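**Student:** So that you have it, the file is structure.pdb, and it contains PDB, C-alpha atoms, pLDDT in the B column:
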```pdb
ATOM      1  CA  MET Q   4     138.056  93.564 113.556  1.00 81.00           C
ATOM      2  CA  VAL Q   5     136.638  91.446 110.827  1.00 87.00           C
ATOM      3  CA  LEU Q   6     137.412  92.378 107.246  1.00 91.00           C
ATOM      4  CA  LEU Q   7     134.729  91.071 104.954  1.00 93.00           C
ATOM      5  CA  GLN Q   8     133.833  91.077 101.323  1.00 93.00           C
ATOM      6  CA  LEU Q   9     131.166  93.457 100.134  1.00 93.00           C
ATOM      7  CA  ASP Q  10     128.116  91.218 100.260  1.00 93.00           C
ATOM      8  CA  PRO Q  11     128.804  89.503 103.576  1.00 94.00           C
ATOM      9  CA  PHE Q  12     129.460  92.928 105.014  1.00 94.00           C
ATOM     10  CA  LEU Q  13     126.062  94.148 103.877  1.00 94.00           C
ATOM     11  CA  ASN Q  14     124.412  91.085 105.344  1.00 94.00           C
ATOM     12  CA  GLU Q  15     126.137  91.534 108.662  1.00 93.00           C
ATOM     13  CA  LEU Q  16     125.247  95.205 108.680  1.00 93.00           C
ATOM     14  CA  THR Q  17     121.596  94.348 108.168  1.00 93.00           C
ATOM     15  CA  SER Q  18     121.600  91.916 111.050  1.00 92.00           C
ATOM     16  CA  MET Q  19     123.314  94.509 113.241  1.00 91.00           C
ATOM     17  CA  PHE Q  20     120.536  96.956 112.574  1.00 91.00           C
ATOM     18  CA  GLU Q  21     117.949  94.322 113.307  1.00 90.00           C
ATOM     19  CA  GLN Q  22     119.599  93.313 116.543  1.00 89.00           C
ATOM     20  CA  SER Q  23     119.820  96.827 117.878  1.00 87.00           C
ATOM     21  CA  THR Q  24     116.210  97.822 117.396  1.00 83.00           C
ATOM     22  CA  GLU Q  25     115.210  97.624 121.016  1.00 83.00           C
ATOM     23  CA  LYS Q  26     118.433  98.698 122.556  1.00 84.00           C
ATOM     24  CA  GLY Q  27     121.822  99.711 121.285  1.00 87.00           C
ATOM     25  CA  THR Q  28     123.528 101.740 118.630  1.00 90.00           C
ATOM     26  CA  VAL Q  29     124.892 101.153 115.187  1.00 93.00           C
ATOM     27  CA  TRP Q  30     127.977 103.134 114.192  1.00 94.00           C
ATOM     28  CA  VAL Q  31     129.131 103.332 110.588  1.00 94.00           C
ATOM     29  CA  THR Q  32     132.398 105.016 109.681  1.00 94.00           C
ATOM     30  CA  LEU Q  33     133.605 105.952 106.233  1.00 91.00           C
ATOM     31  CA  LYS Q  34     137.176 106.822 105.489  1.00 90.00           C
ATOM     32  CA  ARG Q  35     139.361 106.957 102.468  1.00 87.00           C
ATOM     33  CA  SER Q  36     142.322 104.684 102.605  1.00 80.00           C
ATOM     34  CA  SER Q  37     144.532 102.963 100.155  1.00 72.00           C
ATOM     35  CA  LEU Q  38     145.151 100.169 102.640  1.00 68.00           C
ATOM     36  CA  LYS Q  39     148.868 100.308 102.072  1.00 71.00           C
ATOM     37  CA  SER Q  40     151.523 101.481 104.454  1.00 70.00           C
ATOM     38  CA  LYS Q  41     153.155 104.840 104.025  1.00 74.00           C
ATOM     39  CA  VAL Q  42     156.343 103.285 102.743  1.00 75.00           C
ATOM     40  CA  GLN Q  43     154.531 101.433 100.009  1.00 73.00           C
ATOM     41  CA  ARG Q  44     152.604 104.523  99.077  1.00 71.00           C
ATOM     42  CA  ASN Q  45     155.699 106.619  98.742  1.00 77.00           C
ATOM     43  CA  LYS Q  46     157.259 103.971  96.580  1.00 77.00           C
ATOM     44  CA  MET Q  47     154.252 103.902  94.343  1.00 71.00           C
ATOM     45  CA  ALA Q  48     154.203 107.642  94.058  1.00 70.00           C
ATOM     46  CA  THR Q  49     157.848 107.868  93.099  1.00 72.00           C
ATOM     47  CA  ALA Q  50     157.502 104.994  90.684  1.00 70.00           C
ATOM     48  CA  GLY Q  51     154.812 106.979  88.917  1.00 64.00           C
ATOM     49  CA  GLU Q  52     152.069 104.485  89.540  1.00 61.00           C
ATOM     50  CA  PRO Q  53     148.697 105.919  90.427  1.00 61.00           C
ATOM     51  CA  VAL Q  54     147.887 105.157  94.010  1.00 65.00           C
ATOM     52  CA  GLU Q  55     144.686 103.251  94.159  1.00 74.00           C
ATOM     53  CA  TYR Q  56     142.254 104.625  96.662  1.00 78.00           C
ATOM     54  CA  ARG Q  57     139.584 102.669  98.363  1.00 83.00           C
ATOM     55  CA  CYS Q  58     136.857 103.596 100.735  1.00 87.00           C
ATOM     56  CA  LEU Q  59     137.105 101.843 104.079  1.00 90.00           C
ATOM     57  CA  ILE Q  60     133.781 101.245 105.721  1.00 92.00           C
ATOM     58  CA  ARG Q  61     133.506 100.097 109.300  1.00 94.00           C
ATOM     59  CA  ALA Q  62     130.420  99.193 111.250  1.00 95.00           C
ATOM     60  CA  THR Q  63     130.002  98.313 114.880  1.00 94.00           C
ATOM     61  CA  ASN Q  64     127.246  97.733 117.358  1.00 92.00           C
ATOM     62  CA  GLY Q  65     129.520  98.307 120.298  1.00 88.00           C
ATOM     63  CA  LYS Q  66     130.350  94.654 120.660  1.00 91.00           C
ATOM     64  CA  LYS Q  67     131.274  93.476 117.232  1.00 93.00           C
ATOM     65  CA  THR Q  68     133.078  95.355 114.494  1.00 95.00           C
ATOM     66  CA  ILE Q  69     132.980  94.518 110.825  1.00 96.00           C
ATOM     67  CA  SER Q  70     134.612  96.272 107.941  1.00 95.00           C
ATOM     68  CA  THR Q  71     134.982  96.231 104.225  1.00 93.00           C
ATOM     69  CA  SER Q  72     136.895  98.071 101.581  1.00 90.00           C
ATOM     70  CA  VAL Q  73     135.176  99.465  98.519  1.00 87.00           C
ATOM     71  CA  GLY Q  74     136.920 100.529  95.354  1.00 84.00           C
ATOM     72  CA  ALA Q  75     135.695 102.764  92.589  1.00 82.00           C
ATOM     73  CA  LYS Q  76     134.272  99.827  90.659  1.00 84.00           C
ATOM     74  CA  ASP Q  77     132.174  98.491  93.483  1.00 86.00           C
ATOM     75  CA  HIS Q  78     131.215 101.738  95.049  1.00 85.00           C
ATOM     76  CA  GLN Q  79     128.072 102.318  93.058  1.00 86.00           C
ATOM     77  CA  ARG Q  80     126.741  98.896  93.797  1.00 90.00           C
ATOM     78  CA  PHE Q  81     127.635  99.211  97.441  1.00 90.00           C
ATOM     79  CA  GLN Q  82     126.073 102.640  97.607  1.00 90.00           C
ATOM     80  CA  ALA Q  83     122.773 101.363  96.273  1.00 91.00           C
ATOM     81  CA  SER Q  84     122.618  98.455  98.695  1.00 93.00           C
ATOM     82  CA  TYR Q  85     123.765 100.604 101.586  1.00 92.00           C
ATOM     83  CA  THR Q  86     121.091 103.186 100.896  1.00 91.00           C
ATOM     84  CA  THR Q  87     118.451 100.476 100.786  1.00 92.00           C
ATOM     85  CA  ILE Q  88     119.526  99.061 104.122  1.00 91.00           C
ATOM     86  CA  LEU Q  89     119.518 102.453 105.775  1.00 90.00           C
ATOM     87  CA  LYS Q  90     116.117 103.374 104.426  1.00 89.00           C
ATOM     88  CA  ALA Q  91     114.680 100.081 105.571  1.00 88.00           C
ATOM     89  CA  HIS Q  92     115.966 100.404 109.101  1.00 87.00           C
ATOM     90  CA  MET Q  93     115.854 104.047 109.984  1.00 84.00           C
ATOM     91  CA  THR Q  94     112.204 103.957 110.695  1.00 86.00           C
ATOM     92  CA  ALA Q  95     112.333 105.358 114.189  1.00 85.00           C
ATOM     93  CA  LEU Q  96     112.931 108.906 113.034  1.00 88.00           C
ATOM     94  CA  LYS Q  97     110.062 111.321 113.247  1.00 89.00           C
ATOM     95  CA  LYS Q  98     108.211 112.403 110.193  1.00 86.00           C
ATOM     96  CA  ARG Q  99     107.810 116.122 110.212  1.00 76.00           C
ATOM     97  CA  GLU Q 100     104.268 117.294 109.943  1.00 68.00           C
ATOM     98  CA  ARG Q 101     104.150 120.745 108.559  1.00 68.00           C
ATOM     99  CA  LYS Q 102     100.582 121.319 109.484  1.00 59.00           C
ATOM    100  CA  ASP Q 103     100.090 120.865 113.115  1.00 54.00           C
ATOM    101  CA  LYS Q 104      96.775 119.301 113.371  1.00 54.00           C
ATOM    102  CA  LYS Q 105      95.164 121.410 115.921  1.00 57.00           C
ATOM    103  CA  LYS Q 106      92.025 119.706 116.749  1.00 54.00           C
ATOM    104  CA  ALA Q 107      90.820 122.163 119.304  1.00 46.00           C
ATOM    105  CA  ALA Q 108      93.740 122.644 121.600  1.00 47.00           C
ATOM    106  CA  GLY Q 109      91.757 121.602 124.554  1.00 50.00           C
ATOM    107  CA  ALA Q 110      90.054 118.682 122.940  1.00 47.00           C
ATOM    108  CA  ASP Q 111      88.141 116.941 125.575  1.00 49.00           C
ATOM    109  CA  LYS Q 112      88.358 113.300 125.182  1.00 49.00           C
ATOM    110  CA  LYS Q 113      85.422 111.620 126.582  1.00 51.00           C
ATOM    111  CA  GLU Q 114      86.899 109.458 129.175  1.00 50.00           C
ATOM    112  CA  GLY Q 115      83.673 107.913 129.860  1.00 53.00           C
ATOM    113  CA  SER Q 116      83.879 108.721 133.495  1.00 58.00           C
ATOM    114  CA  LYS Q 117      80.988 107.433 135.283  1.00 59.00           C
ATOM    115  CA  LYS Q 118      79.420 110.011 137.378  1.00 59.00           C
ATOM    116  CA  PRO Q 119      77.568 108.676 140.229  1.00 63.00           C
TER     117      PRO Q 119
ATOM    118  CA  MET Y  23     130.491 119.591 120.789  1.00 69.00           C
ATOM    119  CA  VAL Y  24     130.408 121.365 117.517  1.00 87.00           C
ATOM    120  CA  TYR Y  25     126.848 120.797 116.423  1.00 94.00           C
ATOM    121  CA  ILE Y  26     125.814 122.470 113.211  1.00 95.00           C
ATOM    122  CA  THR Y  27     122.199 123.453 112.907  1.00 93.00           C
ATOM    123  CA  SER Y  28     121.972 124.002 109.183  1.00 94.00           C
ATOM    124  CA  TRP Y  29     122.190 120.936 106.990  1.00 94.00           C
ATOM    125  CA  ASP Y  30     123.589 122.802 104.021  1.00 94.00           C
ATOM    126  CA  GLU Y  31     126.298 124.341 106.113  1.00 95.00           C
ATOM    127  CA  PHE Y  32     127.206 120.938 107.468  1.00 95.00           C
ATOM    128  CA  VAL Y  33     127.498 119.500 103.979  1.00 94.00           C
ATOM    129  CA  GLU Y  34     129.550 122.363 102.664  1.00 93.00           C
ATOM    130  CA  ARG Y  35     131.975 122.420 105.545  1.00 94.00           C
ATOM    131  CA  SER Y  36     132.349 118.634 105.490  1.00 93.00           C
ATOM    132  CA  ALA Y  37     133.213 118.685 101.827  1.00 91.00           C
ATOM    133  CA  GLN Y  38     135.748 121.437 102.460  1.00 92.00           C
ATOM    134  CA  LEU Y  39     137.316 119.484 105.292  1.00 92.00           C
ATOM    135  CA  PHE Y  40     137.608 116.453 103.107  1.00 91.00           C
ATOM    136  CA  ARG Y  41     139.098 118.258 100.170  1.00 89.00           C
ATOM    137  CA  ALA Y  42     141.634 119.916 102.427  1.00 92.00           C
ATOM    138  CA  ASP Y  43     142.836 116.649 103.919  1.00 90.00           C
ATOM    139  CA  PRO Y  44     141.335 113.563 102.312  1.00 87.00           C
ATOM    140  CA  ASP Y  45     143.608 111.113 104.026  1.00 85.00           C
ATOM    141  CA  SER Y  46     142.692 111.961 107.555  1.00 90.00           C
ATOM    142  CA  THR Y  47     139.072 113.023 107.183  1.00 91.00           C
ATOM    143  CA  ARG Y  48     136.470 110.498 108.227  1.00 93.00           C
ATOM    144  CA  TYR Y  49     132.710 110.446 108.317  1.00 94.00           C
ATOM    145  CA  VAL Y  50     130.941 108.713 111.170  1.00 94.00           C
ATOM    146  CA  MET Y  51     127.292 107.930 111.483  1.00 94.00           C
ATOM    147  CA  LYS Y  52     125.605 106.839 114.683  1.00 94.00           C
ATOM    148  CA  TYR Y  53     122.079 105.566 114.738  1.00 93.00           C
ATOM    149  CA  ARG Y  54     120.000 104.635 117.773  1.00 91.00           C
ATOM    150  CA  HIS Y  55     116.723 103.070 116.912  1.00 90.00           C
ATOM    151  CA  CYS Y  56     115.504 102.961 120.495  1.00 90.00           C
ATOM    152  CA  ASP Y  57     115.940 106.724 120.830  1.00 89.00           C
ATOM    153  CA  GLY Y  58     115.098 107.492 117.244  1.00 89.00           C
ATOM    154  CA  LYS Y  59     118.234 109.590 116.873  1.00 91.00           C
ATOM    155  CA  LEU Y  60     120.813 109.986 114.160  1.00 92.00           C
ATOM    156  CA  VAL Y  61     124.126 111.771 114.603  1.00 94.00           C
ATOM    157  CA  LEU Y  62     126.638 112.502 111.874  1.00 95.00           C
ATOM    158  CA  LYS Y  63     130.227 113.511 112.472  1.00 95.00           C
ATOM    159  CA  VAL Y  64     132.928 114.608 110.079  1.00 95.00           C
ATOM    160  CA  THR Y  65     136.395 115.160 111.436  1.00 94.00           C
ATOM    161  CA  ASP Y  66     139.968 115.407 110.295  1.00 93.00           C
ATOM    162  CA  ASP Y  67     141.211 115.028 113.840  1.00 92.00           C
ATOM    163  CA  LYS Y  68     141.810 118.746 114.038  1.00 93.00           C
ATOM    164  CA  GLU Y  69     138.352 120.049 113.487  1.00 93.00           C
ATOM    165  CA  CYS Y  70     135.076 118.310 114.143  1.00 95.00           C
ATOM    166  CA  LEU Y  71     131.641 118.940 112.707  1.00 96.00           C
ATOM    167  CA  LYS Y  72     128.534 117.235 113.983  1.00 96.00           C
ATOM    168  CA  PHE Y  73     124.932 117.127 113.022  1.00 96.00           C
ATOM    169  CA  LYS Y  74     122.165 115.476 114.986  1.00 94.00           C
ATOM    170  CA  THR Y  75     118.586 114.851 114.110  1.00 93.00           C
ATOM    171  CA  ASP Y  76     115.537 112.821 114.776  1.00 92.00           C
ATOM    172  CA  GLN Y  77     113.762 113.709 111.552  1.00 92.00           C
ATOM    173  CA  ALA Y  78     113.108 111.247 108.779  1.00 90.00           C
ATOM    174  CA  GLN Y  79     113.631 113.895 106.130  1.00 90.00           C
ATOM    175  CA  ASP Y  80     117.206 114.376 107.307  1.00 91.00           C
ATOM    176  CA  ALA Y  81     117.824 110.690 106.740  1.00 89.00           C
ATOM    177  CA  LYS Y  82     117.043 111.267 103.096  1.00 89.00           C
ATOM    178  CA  LYS Y  83     119.441 114.183 102.947  1.00 92.00           C
ATOM    179  CA  MET Y  84     122.040 112.052 104.635  1.00 92.00           C
ATOM    180  CA  GLU Y  85     121.736 109.476 101.896  1.00 91.00           C
ATOM    181  CA  LYS Y  86     122.726 112.108  99.370  1.00 90.00           C
ATOM    182  CA  LEU Y  87     125.650 113.089 101.544  1.00 90.00           C
ATOM    183  CA  ASN Y  88     126.659 109.434 101.736  1.00 90.00           C
ATOM    184  CA  ASN Y  89     126.765 109.333  97.978  1.00 88.00           C
ATOM    185  CA  ILE Y  90     128.972 112.391  97.855  1.00 87.00           C
ATOM    186  CA  PHE Y  91     131.403 110.914 100.321  1.00 87.00           C
ATOM    187  CA  PHE Y  92     131.499 107.527  98.651  1.00 84.00           C
ATOM    188  CA  THR Y  93     132.339 109.126  95.366  1.00 81.00           C
ATOM    189  CA  LEU Y  94     134.964 111.415  96.839  1.00 81.00           C
ATOM    190  CA  MET Y  95     136.597 108.647  98.771  1.00 81.00           C
ATOM    191  CA  SER Y  96     136.727 105.904  96.250  1.00 74.00           C
ATOM    192  CA  ARG Y  97     137.619 108.093  93.365  1.00 69.00           C
ATOM    193  CA  GLY Y  98     140.191 110.377  94.854  1.00 62.00           C
ATOM    194  CA  PRO Y  99     139.493 113.949  95.897  1.00 60.00           C
ATOM    195  CA  ASP Y 100     139.894 115.372  92.438  1.00 60.00           C
ATOM    196  CA  GLY Y 101     137.010 113.359  91.207  1.00 52.00           C
ATOM    197  CA  LYS Y 102     139.233 111.547  88.798  1.00 52.00           C
ATOM    198  CA  GLU Y 103     138.172 108.067  88.030  1.00 49.00           C
ATOM    199  CA  GLN Y 104     140.755 105.618  89.152  1.00 46.00           C
ATOM    200  CA  THR Y 105     139.570 102.906  86.859  1.00 46.00           C
ATOM    201  CA  GLU Y 106     138.483 103.705  83.372  1.00 42.00           C
ATOM    202  CA  ALA Y 107     134.779 103.471  83.136  1.00 42.00           C
ATOM    203  CA  GLN Y 108     133.831 100.817  80.715  1.00 39.00           C
ATOM    204  CA  SER Y 109     131.273 102.451  78.607  1.00 41.00           C
ATOM    205  CA  GLY Y 110     129.347 100.544  76.065  1.00 43.00           C
ATOM    206  CA  LYS Y 111     127.645  97.294  76.539  1.00 48.00           C
ATOM    207  CA  LYS Y 112     129.503  94.164  75.868  1.00 54.00           C
ATOM    208  CA  GLY Y 113     128.357  92.902  72.561  1.00 53.00           C
ATOM    209  CA  ARG Y 114     126.123  89.942  72.903  1.00 60.00           C
ATOM    210  CA  GLY Y 115     126.741  89.011  69.358  1.00 58.00           C
ATOM    211  CA  ARG Y 116     123.589  89.634  67.434  1.00 64.00           C
ATOM    212  CA  LYS Y 117     123.224  87.103  64.792  1.00 66.00           C
ATOM    213  CA  GLN Y 118     121.955  88.739  61.734  1.00 64.00           C
TER     214      GLN Y 118
END
```
Mind turning this structure into structure tokens?

**Tutor:**
Amino acid sequence: MVLLQLDPFLNELTSMFEQSTEKGTVWVTLKRSSLKSKVQRNKMATAGEPVEYRCLIRATNGKKTISTSVGAKDHQRFQASYTTILKAHMTALKKRERKDKKKAAGADKKEGSKKP
Amino acid sequence: MVYITSWDEFVERSAQLFRADPDSTRYVMKYRHCDGKLVLKVTDDKECLKFKTDQAQDAKKMEKLNNIFFTLMSRGPDGKEQTEAQSGKKGRGRKQ
């Protein structure tokens, strides 16, 4: 499990998407975590310090896993970049056509069959 | 698997799950370009909600959901800002 900084993580994520175009999956997991052990957290809580929460983001293509941790300060920037990456790569999804273009249900395409 | 058909229901129940137990709730997204499928899962290890789609319009809705989760997770479930937002631009020192 590779823990990266924000920007390298985004770069790696992009290349993961690119690599799995023909075959494969990209998994992205989001979870809140303060990245401290329970003991430390309890200590911080009793000491009256606010526990700092970060968002843990993991990505894998089945073979390689990368991760990064985003805090409140970086989250907007990360969000923007993340959205851009997703939009750029999720092109395989179908676009819904409200109007079904019914060009004569039994449209005969001229196959150009040569009739002897 | 617990697949939810309505997007709005999925969003609402996910948010509820998260607010109920922010430390153990996680949001997973799986995308397969070759199949053109997207699956979202939100679970707190007790209950699991899933949503699958192959529609581009759902990808847009998912982006909004991503934003919600990012905010909830990095800021704490109450929506309190952990760090004080620095409002106001840093003065560049206009020379008058």

**Student:** Tell me as a ChimeraX atom specification which residues belonging to chain Y come within 7 Å of chain Q, counting only C-alpha atoms.

**Tutor:** /Y:44-45,47-56,58-59,76-79,85,89,92,95-98,104-105

**Student:** Could you work out how far atom CA of Y:Gln38 lies from atom CA of Q:Ser84, giving the answer in Å with one decimal?

**Tutor:**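 The value is 26.7 Å.
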
**Student:** Box time for stretch 56-66 of chain Y: axis-aligned, enclosing all its listed atoms, 3 Å extra on each side; report centre and edge lengths in Å to one decimal, as AutoDock Vina command-line options.

**Tutor:**
```
--center_x 127.5 --center_y 109.2 --center_z 115.5 --size_x 30.9 --size_y 18.4 --size_z 16.8
```

**Student:** To test your reading of the syntax: which residues would the PyMOL selection byres ((chain Q and resi 69) around 8) return for the file shown? Reply as an NGL selection string.

**Tutor:** :Q and (4-7 or 12 or 15 or 61-63 or 67-68 or 70-71)

**Student:** Any chance you could export the current selection's C-alpha atoms as a CSV table (one decimal), in the coordinates of the input?

**Tutor:**
```
chain,number,residue,atom,x,y,z
Q,4,MET,CA,138.1,93.6,113.6
Q,5,VAL,CA,136.6,91.4,110.8
Q,6,LEU,CA,137.4,92.4,107.2
Q,7,LEU,CA,134.7,91.1,105.0
Q,12,PHE,CA,129.5,92.9,105.0
Q,15,GLU,CA,126.1,91.5,108.7
Q,61,ARG,CA,133.5,100.1,109.3
Q,62,ALA,CA,130.4,99.2,111.2
Q,63,THR,CA,130.0,98.3,114.9
Q,67,LYS,CA,131.3,93.5,117.2
Q,68,THR,CA,133.1,95.4,114.5
Q,70,SER,CA,134.6,96.3,107.9
Q,71,THR,CA,135.0,96.2,104.2
```

**Student:** Can you measure atom CA of Y:Lys83 to atom CA of Q:Lys66 for me? One decimal in Å is fine.

**Tutor:** 28.5 Å

**Student:** With only C-alpha atoms as the counted atoms, please give the residues lying no more than 7 Å from stretch 30-36 of chain Y, apart from itself and same-chain residues fewer than 4 positions off, as an mmCIF file with C-alpha atoms, keeping the file's coordinate frame.

**Tutor:**
```cif
data_model
loop_
_atom_site.group_PDB
_atom_site.id
_atom_site.type_symbol
_atom_site.label_atom_id
_atom_site.label_comp_id
_atom_site.auth_asym_id
_atom_site.auth_seq_id
_atom_site.Cartn_x
_atom_site.Cartn_y
_atom_site.Cartn_z
ATOM 1 C CA ILE Y 26 125.814 122.470 113.211
ATOM 2 C CA PHE Y 40 137.608 116.453 103.107
ATOM 3 C CA VAL Y 64 132.928 114.608 110.079
#
```

**Student:** Take atom CA of Y:Thr27 and atom CA of Y:Thr75 and report the distance between them in Å, one decimal.

**Tutor:**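 We find that atom CA of Y:Thr27 and atom CA of Y:Thr75 lie 9.4 Å from each other.
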